[in-house]
>>> print(open('structure-v3.tsv').read())   # TSV, C-alpha atoms
chain	number	residue	atom	x	y	z
R	1	MET	CA	-0.58	-16.07	-5.18
R	2	THR	CA	-1.34	-13.40	-7.74
R	3	THR	CA	1.27	-13.03	-10.42
R	4	ARG	CA	2.84	-9.61	-10.76
R	5	TYR	CA	3.38	-10.16	-14.47
R	6	THR	CA	1.30	-8.61	-17.20
R	7	TYR	CA	1.60	-9.31	-20.92
R	8	GLY	CA	1.18	-6.98	-23.87
R	9	VAL	CA	0.92	-7.63	-27.59
R	10	TYR	CA	2.01	-4.65	-29.62
R	11	LEU	CA	2.06	-3.61	-33.25
R	12	ARG	CA	5.48	-2.07	-33.84
R	13	PRO	CA	5.68	0.98	-36.11
R	14	ASP	CA	8.43	1.42	-38.68
R	15	PRO	CA	11.93	2.38	-37.45
R	16	LEU	CA	11.59	6.10	-38.24
R	17	THR	CA	8.34	6.31	-36.28
R	18	CYS	CA	9.92	4.34	-33.41
R	19	LYS	CA	12.72	6.92	-33.33
R	20	ALA	CA	10.27	9.82	-33.36
R	21	VAL	CA	8.25	8.33	-30.49
R	22	SER	CA	11.43	7.66	-28.50
R	23	ASP	CA	12.74	11.18	-29.09
R	24	LEU	CA	9.48	12.89	-28.14
R	25	THR	CA	8.81	10.78	-25.03
R	26	SER	CA	12.39	11.28	-23.87
R	27	LEU	CA	12.12	15.05	-24.25
R	28	ALA	CA	8.78	15.09	-22.40
R	29	ARG	CA	10.34	13.09	-19.58
R	30	ARG	CA	13.36	15.38	-19.32
R	31	GLN	CA	11.32	18.59	-19.53
R	32	PHE	CA	8.26	17.71	-17.44
R	33	GLY	CA	9.16	14.55	-15.49
R	34	ILE	CA	6.36	12.51	-17.08
R	35	VAL	CA	7.54	8.97	-17.58
R	36	SER	CA	4.74	6.53	-18.43
R	37	ALA	CA	4.92	6.77	-22.24
R	38	ALA	CA	8.72	6.68	-22.18
R	39	ALA	CA	8.63	3.54	-20.01
R	40	PHE	CA	7.34	1.46	-22.94
R	41	PRO	CA	8.86	0.53	-26.27
R	42	PRO	CA	7.19	2.48	-29.11
R	43	HIS	CA	3.99	0.66	-30.02
R	44	ALA	CA	0.33	0.58	-30.89
R	45	THR	CA	-1.42	-1.64	-28.36
R	46	LEU	CA	-3.28	-4.67	-29.70
R	47	ALA	CA	-3.71	-6.37	-26.31
R	48	GLY	CA	-2.49	-4.61	-23.20
R	49	ALA	CA	-2.19	-5.33	-19.48
R	50	ILE	CA	-3.12	-9.00	-19.75
R	51	PRO	CA	-2.60	-10.82	-16.43
R	52	SER	CA	-1.99	-14.54	-16.94
R	53	LYS	CA	-0.61	-17.53	-15.07
R	54	ALA	CA	-0.18	-19.43	-18.33
R	55	THR	CA	3.32	-20.33	-19.43
R	56	GLU	CA	4.87	-18.01	-21.95
R	57	ASP	CA	5.08	-20.93	-24.37
R	58	ASP	CA	1.29	-21.25	-24.05
R	59	LEU	CA	0.85	-17.55	-24.82
R	60	VAL	CA	3.03	-17.89	-27.90
R	61	SER	CA	1.10	-20.99	-29.00
R	62	ALA	CA	-2.20	-19.12	-28.64
R	63	LEU	CA	-0.95	-16.23	-30.74
R	64	ASP	CA	0.83	-18.23	-33.44
R	65	PRO	CA	-2.28	-19.20	-35.46
R	66	VAL	CA	-3.42	-15.56	-35.59
R	67	LEU	CA	-0.11	-13.89	-36.32
R	68	SER	CA	1.27	-16.47	-38.73
R	69	THR	CA	-1.61	-15.77	-41.11
R	70	THR	CA	-1.83	-11.98	-40.73
R	71	SER	CA	-0.63	-9.62	-43.47
R	72	ALA	CA	1.43	-6.50	-42.88
R	73	ILE	CA	-0.74	-3.44	-42.30
R	74	GLU	CA	-0.64	-0.10	-44.07
R	75	VAL	CA	-0.79	2.62	-41.42
R	76	HIS	CA	-1.48	6.35	-41.73
R	77	ASN	CA	-0.14	8.66	-39.04
R	78	ALA	CA	-2.47	11.66	-38.85
R	79	GLY	CA	-0.13	13.42	-36.42
R	80	ILE	CA	-0.33	14.49	-32.81
R	81	CYS	CA	-3.76	14.51	-31.16
R	82	ARG	CA	-5.43	14.26	-27.75
R	83	HIS	CA	-6.69	10.82	-26.74
R	84	ASN	CA	-8.62	11.36	-23.51
R	85	VAL	CA	-5.92	12.96	-21.33
R	86	ALA	CA	-3.08	11.37	-23.32
R	87	ILE	CA	-1.17	12.93	-26.20
R	88	THR	CA	-0.53	10.53	-29.06
R	89	PHE	CA	0.22	10.00	-32.70
R	90	ASP	CA	-3.18	9.15	-34.22
R	91	VAL	CA	-2.88	5.95	-36.30
R	92	ASP	CA	-6.52	4.90	-36.06
R	93	HIS	CA	-7.63	5.91	-39.56
R	94	THR	CA	-6.57	5.42	-43.15
R	95	ILE	CA	-5.45	8.36	-45.25
R	96	SER	CA	-9.05	8.68	-46.53
R	97	GLY	CA	-10.32	9.13	-42.98
R	98	GLN	CA	-11.91	5.70	-42.58
R	99	LYS	CA	-11.30	3.50	-39.55
R	100	ASN	CA	-8.20	1.35	-40.08
R	101	GLN	CA	-10.17	-1.86	-39.87
R	102	ALA	CA	-7.09	-4.04	-40.32
R	103	ILE	CA	-5.60	-2.85	-37.01
R	104	LYS	CA	-8.90	-3.21	-35.17
R	105	ASP	CA	-9.54	-6.68	-36.60
R	106	LEU	CA	-6.06	-7.78	-35.52
R	107	ALA	CA	-6.64	-6.43	-32.01
R	108	VAL	CA	-9.95	-8.32	-31.79
R	109	ALA	CA	-8.31	-11.55	-32.97
R	110	VAL	CA	-5.35	-11.22	-30.59
R	111	ASN	CA	-7.59	-10.57	-27.57
R	112	ALA	CA	-9.86	-13.49	-28.50
R	113	ALA	CA	-6.83	-15.79	-28.72
R	114	LEU	CA	-5.61	-14.71	-25.28
R	115	ALA	CA	-9.01	-14.69	-23.55
R	116	PRO	CA	-8.85	-18.35	-22.35
R	117	LEU	CA	-5.47	-17.63	-20.74
R	118	THR	CA	-6.39	-14.33	-19.08
R	119	GLU	CA	-6.71	-14.09	-15.29
R	120	SER	CA	-8.39	-11.39	-13.22
R	121	GLY	CA	-6.27	-8.44	-12.18
R	122	GLU	CA	-6.28	-5.15	-10.34
R	123	GLY	CA	-5.87	-1.54	-11.42
R	124	LEU	CA	-4.67	-1.26	-15.00
R	125	ARG	CA	-4.90	-5.04	-15.32
R	126	ALA	CA	-8.62	-5.07	-14.53
R	127	LYS	CA	-9.66	-3.34	-17.75
R	128	PRO	CA	-11.17	-5.75	-20.30
R	129	PHE	CA	-10.68	-5.28	-24.02
R	130	ASP	CA	-13.36	-2.99	-25.45
R	131	ALA	CA	-13.59	-3.53	-29.21
R	132	ASP	CA	-16.24	-0.84	-29.67
R	133	ASN	CA	-13.97	1.84	-28.24
R	134	PHE	CA	-10.69	0.55	-29.65
R	135	ARG	CA	-8.57	3.40	-31.00
R	136	ALA	CA	-5.10	2.73	-32.41
R	137	HIS	CA	-2.50	5.20	-31.21
R	138	LEU	CA	1.17	5.69	-30.35
R	139	SER	CA	1.49	7.26	-26.91
R	140	LEU	CA	3.72	10.30	-26.44
R	141	ALA	CA	2.49	11.35	-22.97
R	142	SER	CA	-0.06	9.28	-21.15
R	143	HIS	CA	-1.02	7.84	-17.76
R	144	ASP	CA	0.82	10.22	-15.46
R	145	LEU	CA	-1.07	13.17	-16.98
R	146	ASP	CA	-4.11	11.85	-15.07
R	147	ALA	CA	-2.43	13.11	-11.92
R	148	ALA	CA	-1.07	16.30	-13.50
R	149	PRO	CA	-3.95	18.11	-15.23
R	150	HIS	CA	-2.01	21.40	-15.07
R	151	LEU	CA	0.52	19.93	-17.51
R	152	ARG	CA	-1.80	18.64	-20.22
R	153	GLU	CA	-2.07	21.75	-22.38
R	154	GLU	CA	1.58	22.69	-21.90
R	155	VAL	CA	2.87	19.23	-22.78
R	156	GLU	CA	0.66	19.06	-25.86
R	157	SER	CA	1.86	22.46	-27.08
R	158	PHE	CA	5.47	21.48	-26.41
R	159	LEU	CA	5.20	18.23	-28.37
R	160	ARG	CA	3.36	19.84	-31.29
R	161	ALA	CA	6.15	22.42	-31.63
R	162	LEU	CA	8.89	19.82	-32.12
R	163	PRO	CA	10.07	18.52	-35.50
R	164	HIS	CA	10.12	14.73	-35.76
R	165	SER	CA	11.06	11.95	-38.15
R	166	ALA	CA	7.74	10.07	-38.22
R	167	PRO	CA	6.46	9.53	-41.78
R	168	SER	CA	2.79	10.13	-42.51
R	169	ASP	CA	2.43	6.60	-43.93
R	170	PHE	CA	4.24	3.37	-43.21
R	171	VAL	CA	3.82	-0.39	-43.26
R	172	ALA	CA	3.65	-2.13	-39.87
R	173	ASN	CA	4.98	-5.66	-40.26
R	174	THR	CA	6.01	-6.66	-36.73
R	175	VAL	CA	3.94	-7.77	-33.73
R	176	THR	CA	5.70	-8.34	-30.43
R	177	LEU	CA	4.82	-10.08	-27.18
R	178	PHE	CA	6.21	-8.41	-24.05
R	179	ARG	CA	6.20	-9.36	-20.37
R	180	PHE	CA	5.79	-6.52	-17.86
R	181	TYR	CA	6.38	-6.25	-14.13
R	182	SER	CA	5.36	-3.64	-11.57
R	183	SER	CA	5.20	-3.88	-7.79
R	184	ASP	CA	1.88	-1.99	-7.71
R	185	TRP	CA	-0.50	-2.38	-10.64
R	186	ALA	CA	-3.25	-0.58	-8.71
R	187	GLY	CA	-1.11	2.54	-8.20
R	188	GLU	CA	1.42	4.54	-10.20
R	189	TRP	CA	2.89	1.43	-11.79
R	190	TRP	CA	4.90	3.34	-14.38
R	191	HIS	CA	7.55	4.38	-11.84
R	192	ASP	CA	9.02	0.89	-11.52
R	193	LEU	CA	7.77	-0.71	-14.73
R	194	GLN	CA	10.12	-3.33	-16.17
R	195	TRP	CA	9.65	-5.21	-19.42
R	196	THR	CA	11.12	-8.11	-21.35
R	197	HIS	CA	10.83	-8.81	-25.07
R	198	LEU	CA	9.57	-12.38	-25.49
R	199	ARG	CA	8.80	-12.94	-29.15
R	200	SER	CA	8.26	-11.06	-32.41
R	201	TRP	CA	6.22	-12.15	-35.40
R	202	ILE	CA	6.98	-10.73	-38.85
R	203	LEU	CA	3.75	-10.23	-40.79
R	204	LYS	CA	3.77	-11.19	-44.45
>>> encode(input="structure-v3.tsv", output="structure tokens")
Amino acid sequence: MTTRYTYGVYLRPDPLTCKAVSDLTSLARRQFGIVSAAAFPPHATLAGAIPSKATEDDLVSALDPVLSTTSAIEVHNAGICRHNVAITFDVDHTISGQKNQAIKDLAVAVNAALAPLTESGEGLRAKPFDADNFRAHLSLASHDLDAAPHLREEVESFLRALPHSAPSDFVANTVTLFRFYSSDWAGEWWHDLQWTHLRSWILK
């Protein structure tokens, strides 16, 4: 029997950025009815939509060697941008414009640690990690804009017009493992998405 659970490993932004993401996604949901970004805790994905039949203790044990030796990461928020059809805070580069290699390297290490425990999946869960195209971001409006192209420009303009509390630079020192459930990972899974916080690691 295929498990309906999916696991995600997320880099948590600082509290002010978390508040800004929560405020903006909540307003987008109330104004436009788009819900996918608001359905998640604020985060930059390191490993997402990982289907696994491993025990959660095994997942934690796989991640421990990586995350117990990882340093906190300096992050630059370049502001709101388009990421494919999604609208996000761009945290993929340093303040000098170079790729934030520390975030990418952590994502590569996390996915490598989980690879032996990863099962096959459908829909969102079928997408393998693609290191070459990895782009760190904080989603503000995302998956449901695929089905609503008429809203993309309007939502982006709306979000850009809002003041927010996100600082331009912060230190990310927390990585969290979450468990997710949806009844239909191949469809519009964000409508009944449920999640549980399993474990956080504080980076040194």
>>> residues_around(input="structure-v3.tsv", residues="region 28-30 of chain R", least_positions_apart="6", cutoff="10 Å", atoms="only C-alpha atoms", output="PyMOL selection string")
chain R and resi 22+36-39+140-141+155-156+158-159
>>> residues_around(input="structure-v3.tsv", residues="Lys104 (chain R)", least_positions_apart="3", cutoff="9 Å", atoms="all atoms listed in the file", output="PyMOL selection string")
chain R and resi 46+92+99-101+107-109+131+134-136
>>> write_last_selection(input="structure-v3.tsv", atoms="C-alpha atoms", output="mmCIF file, keeping the file's coordinate frame")
data_model
loop_
_atom_site.group_PDB
_atom_site.id
_atom_site.type_symbol
_atom_site.label_atom_id
_atom_site.label_comp_id
_atom_site.auth_asym_id
_atom_site.auth_seq_id
_atom_site.Cartn_x
_atom_site.Cartn_y
_atom_site.Cartn_z
ATOM 1 C CA LEU R 46 -3.280 -4.670 -29.700
ATOM 2 C CA ASP R 92 -6.520 4.900 -36.060
ATOM 3 C CA LYS R 99 -11.300 3.500 -39.550
ATOM 4 C CA ASN R 100 -8.200 1.350 -40.080
ATOM 5 C CA GLN R 101 -10.170 -1.860 -39.870
ATOM 6 C CA ALA R 107 -6.640 -6.430 -32.010
ATOM 7 C CA VAL R 108 -9.950 -8.320 -31.790
ATOM 8 C CA ALA R 109 -8.310 -11.550 -32.970
ATOM 9 C CA ALA R 131 -13.590 -3.530 -29.210
ATOM 10 C CA PHE R 134 -10.690 0.550 -29.650
ATOM 11 C CA ARG R 135 -8.570 3.400 -31.000
ATOM 12 C CA ALA R 136 -5.100 2.730 -32.410
#
>>> closest_residue(input="structure-v3.tsv", among="R:Ile34, R:Leu117, R:Val171, R:Leu27", to="His76 (chain R)", atoms="only C-alpha atoms")
R:Val171
>>> residues_around(input="structure-v3.tsv", residues="region 66-73 of chain R", least_positions_apart="4", cutoff="8 Å", atoms="all atoms listed in the file", output="PyMOL selection string")
chain R and resi 62+102-103+106+109-110+113+171-175+201+203-204
>>> closest_residue(input="structure-v3.tsv", among="R:Ser165, R:Thr6, R:Ser61, R:Asn111", to="Asn77 (chain R)", atoms="only C-alpha atoms")
R:Ser165
>>> residues_near_point(input="structure-v3.tsv", point="(8.0, 10.7, -30.8)", cutoff="12 Å", atoms="all atoms listed in the file", output="number ranges by chain")
R: 13, 15-29, 37-38, 41-43, 77, 79-80, 87-90, 137-141, 158-167
>>> atom_distance(input="structure-v3.tsv", atom1="CA of Ile50 (chain R)", atom2="CA of Asp169 (chain R)")
29.3 Å
>>> residues_around(input="structure-v3.tsv", residues="Ala86 (chain R)", least_positions_apart="3", cutoff="7 Å", atoms="all atoms listed in the file", output="ChimeraX atom specification")
/R:82-83,141-143,145
>>> atom_distance(input="structure-v3.tsv", atom1="CA of Tyr5 (chain R)", atom2="CA of Lys53 (chain R)")
8.4 Å
>>> atom_distance(input="structure-v3.tsv", atom1="CA of Arg4 (chain R)", atom2="CA of Glu188 (chain R)")
14.2 Å
>>> closest_residue(input="structure-v3.tsv", among="R:Asp146, R:Asp105, R:Asp14, R:Asp130", to="Gly48 (chain R)", atoms="only C-alpha atoms")
R:Asp130
>>> closest_residue(input="structure-v3.tsv", among="R:Ala78, R:Ala49, R:Phe32, R:Val9", to="His150 (chain R)", atoms="all atoms listed in the file")
R:Phe32
>>> residues_near_point(input="structure-v3.tsv", point="(2.2, -1.5, -15.0)", cutoff="12 Å", atoms="only C-alpha atoms", output="NGL selection string")
:R and (4-8 or 36-37 or 39-40 or 48-51 or 121-126 or 143-144 or 179-195)
>>> closest_residue(input="structure-v3.tsv", among="R:Val91, R:Leu177, R:Leu114, R:Leu63", to="Val75 (chain R)", atoms="all atoms listed in the file")
R:Val91
>>> closest_residue(input="structure-v3.tsv", among="R:Ala44, R:Ile202, R:Glu56, R:Ala115", to="Phe129 (chain R)", atoms="all atoms listed in the file")
R:Ala115
>>> build_atoms(input="structure-v3.tsv", residues="region 142-153 of chain R", atoms="all heavy atoms", output="mmCIF file, keeping the file's coordinate frame")
data_model
loop_
_atom_site.group_PDB
_atom_site.id
_atom_site.type_symbol
_atom_site.label_atom_id
_atom_site.label_comp_id
_atom_site.auth_asym_id
_atom_site.auth_seq_id
_atom_site.Cartn_x
_atom_site.Cartn_y
_atom_site.Cartn_z
ATOM 1 N N SER R 142 1.168 10.030 -21.408
ATOM 2 C CA SER R 142 -0.060 9.280 -21.150
ATOM 3 C C SER R 142 -0.451 9.238 -19.680
ATOM 4 O O SER R 142 -0.855 10.269 -19.124
ATOM 5 C CB SER R 142 0.064 7.859 -21.725
ATOM 6 O OG SER R 142 1.252 7.227 -21.287
ATOM 7 N N HIS R 143 -0.330 8.103 -19.026
ATOM 8 C CA HIS R 143 -1.020 7.840 -17.760
ATOM 9 C C HIS R 143 -0.716 8.855 -16.661
ATOM 10 O O HIS R 143 -1.603 9.204 -15.887
ATOM 11 C CB HIS R 143 -0.672 6.435 -17.265
ATOM 12 C CG HIS R 143 -0.977 5.364 -18.249
ATOM 13 N ND1 HIS R 143 -0.084 5.004 -19.244
ATOM 14 C CD2 HIS R 143 -2.066 4.589 -18.423
ATOM 15 C CE1 HIS R 143 -0.602 4.040 -19.972
ATOM 16 N NE2 HIS R 143 -1.809 3.770 -19.509
ATOM 17 N N ASP R 144 0.517 9.318 -16.563
ATOM 18 C CA ASP R 144 0.820 10.220 -15.460
ATOM 19 C C ASP R 144 0.210 11.605 -15.639
ATOM 20 O O ASP R 144 0.186 12.400 -14.694
ATOM 21 C CB ASP R 144 2.323 10.330 -15.185
ATOM 22 C CG ASP R 144 3.202 10.207 -16.411
ATOM 23 O OD1 ASP R 144 2.684 10.230 -17.536
ATOM 24 O OD2 ASP R 144 4.422 10.092 -16.239
ATOM 25 N N LEU R 145 -0.336 11.907 -16.828
ATOM 26 C CA LEU R 145 -1.070 13.170 -16.980
ATOM 27 C C LEU R 145 -2.416 13.138 -16.268
ATOM 28 O O LEU R 145 -3.019 14.186 -16.043
ATOM 29 C CB LEU R 145 -1.276 13.484 -18.464
ATOM 30 C CG LEU R 145 -0.023 13.896 -19.241
ATOM 31 C CD1 LEU R 145 -0.371 14.169 -20.695
ATOM 32 C CD2 LEU R 145 0.655 15.108 -18.611
ATOM 33 N N ASP R 146 -2.900 11.938 -15.898
ATOM 34 C CA ASP R 146 -4.110 11.850 -15.070
ATOM 35 C C ASP R 146 -3.923 12.607 -13.771
ATOM 36 O O ASP R 146 -4.853 13.245 -13.268
ATOM 37 C CB ASP R 146 -4.445 10.386 -14.760
ATOM 38 C CG ASP R 146 -5.277 9.735 -15.845
ATOM 39 O OD1 ASP R 146 -6.106 10.436 -16.453
ATOM 40 O OD2 ASP R 146 -5.097 8.534 -16.092
ATOM 41 N N ALA R 147 -2.710 12.489 -13.214
ATOM 42 C CA ALA R 147 -2.430 13.110 -11.920
ATOM 43 C C ALA R 147 -1.840 14.512 -12.051
ATOM 44 O O ALA R 147 -1.530 15.146 -11.045
ATOM 45 C CB ALA R 147 -1.480 12.228 -11.120
ATOM 46 N N ALA R 148 -1.683 14.980 -13.284
ATOM 47 C CA ALA R 148 -1.070 16.300 -13.500
ATOM 48 C C ALA R 148 -1.868 17.090 -14.532
ATOM 49 O O ALA R 148 -1.364 17.421 -15.607
ATOM 50 C CB ALA R 148 0.382 16.133 -13.945
ATOM 51 N N PRO R 149 -3.133 17.407 -14.244
ATOM 52 C CA PRO R 149 -3.950 18.110 -15.230
ATOM 53 C C PRO R 149 -3.383 19.470 -15.629
ATOM 54 O O PRO R 149 -3.624 19.945 -16.743
ATOM 55 C CB PRO R 149 -5.309 18.271 -14.519
ATOM 56 C CG PRO R 149 -5.017 18.083 -13.070
ATOM 57 C CD PRO R 149 -3.873 17.132 -12.993
ATOM 58 N N HIS R 150 -2.595 20.090 -14.759
ATOM 59 C CA HIS R 150 -2.010 21.400 -15.070
ATOM 60 C C HIS R 150 -0.979 21.319 -16.187
ATOM 61 O O HIS R 150 -0.634 22.349 -16.784
ATOM 62 C CB HIS R 150 -1.367 21.989 -13.818
ATOM 63 C CG HIS R 150 -0.190 21.215 -13.303
ATOM 64 N ND1 HIS R 150 -0.320 19.986 -12.691
ATOM 65 C CD2 HIS R 150 1.146 21.487 -13.351
ATOM 66 C CE1 HIS R 150 0.877 19.537 -12.354
ATOM 67 N NE2 HIS R 150 1.774 20.421 -12.742
ATOM 68 N N LEU R 151 -0.503 20.096 -16.483
ATOM 69 C CA LEU R 151 0.520 19.930 -17.510
ATOM 70 C C LEU R 151 -0.034 19.589 -18.889
ATOM 71 O O LEU R 151 0.694 19.669 -19.885
ATOM 72 C CB LEU R 151 1.501 18.826 -17.106
ATOM 73 C CG LEU R 151 2.575 19.187 -16.084
ATOM 74 C CD1 LEU R 151 3.403 17.943 -15.745
ATOM 75 C CD2 LEU R 151 3.471 20.306 -16.597
ATOM 76 N N ARG R 152 -1.289 19.220 -18.975
ATOM 77 C CA ARG R 152 -1.800 18.640 -20.220
ATOM 78 C C ARG R 152 -1.668 19.583 -21.402
ATOM 79 O O ARG R 152 -1.154 19.209 -22.465
ATOM 80 C CB ARG R 152 -3.249 18.200 -20.028
ATOM 81 C CG ARG R 152 -3.385 17.054 -19.034
ATOM 82 C CD ARG R 152 -4.826 16.764 -18.701
ATOM 83 N NE ARG R 152 -4.925 15.861 -17.553
ATOM 84 C CZ ARG R 152 -6.046 15.610 -16.898
ATOM 85 N NH1 ARG R 152 -7.179 16.196 -17.266
ATOM 86 N NH2 ARG R 152 -6.038 14.796 -15.866
ATOM 87 N N GLU R 153 -2.123 20.808 -21.266
ATOM 88 C CA GLU R 153 -2.070 21.750 -22.380
ATOM 89 C C GLU R 153 -0.618 22.110 -22.711
ATOM 90 O O GLU R 153 -0.240 22.211 -23.890
ATOM 91 C CB GLU R 153 -2.859 23.016 -22.043
ATOM 92 C CG GLU R 153 -4.345 22.793 -21.829
ATOM 93 C CD GLU R 153 -5.054 22.342 -23.104
ATOM 94 O OE1 GLU R 153 -4.540 22.648 -24.207
ATOM 95 O OE2 GLU R 153 -6.107 21.710 -22.991
#
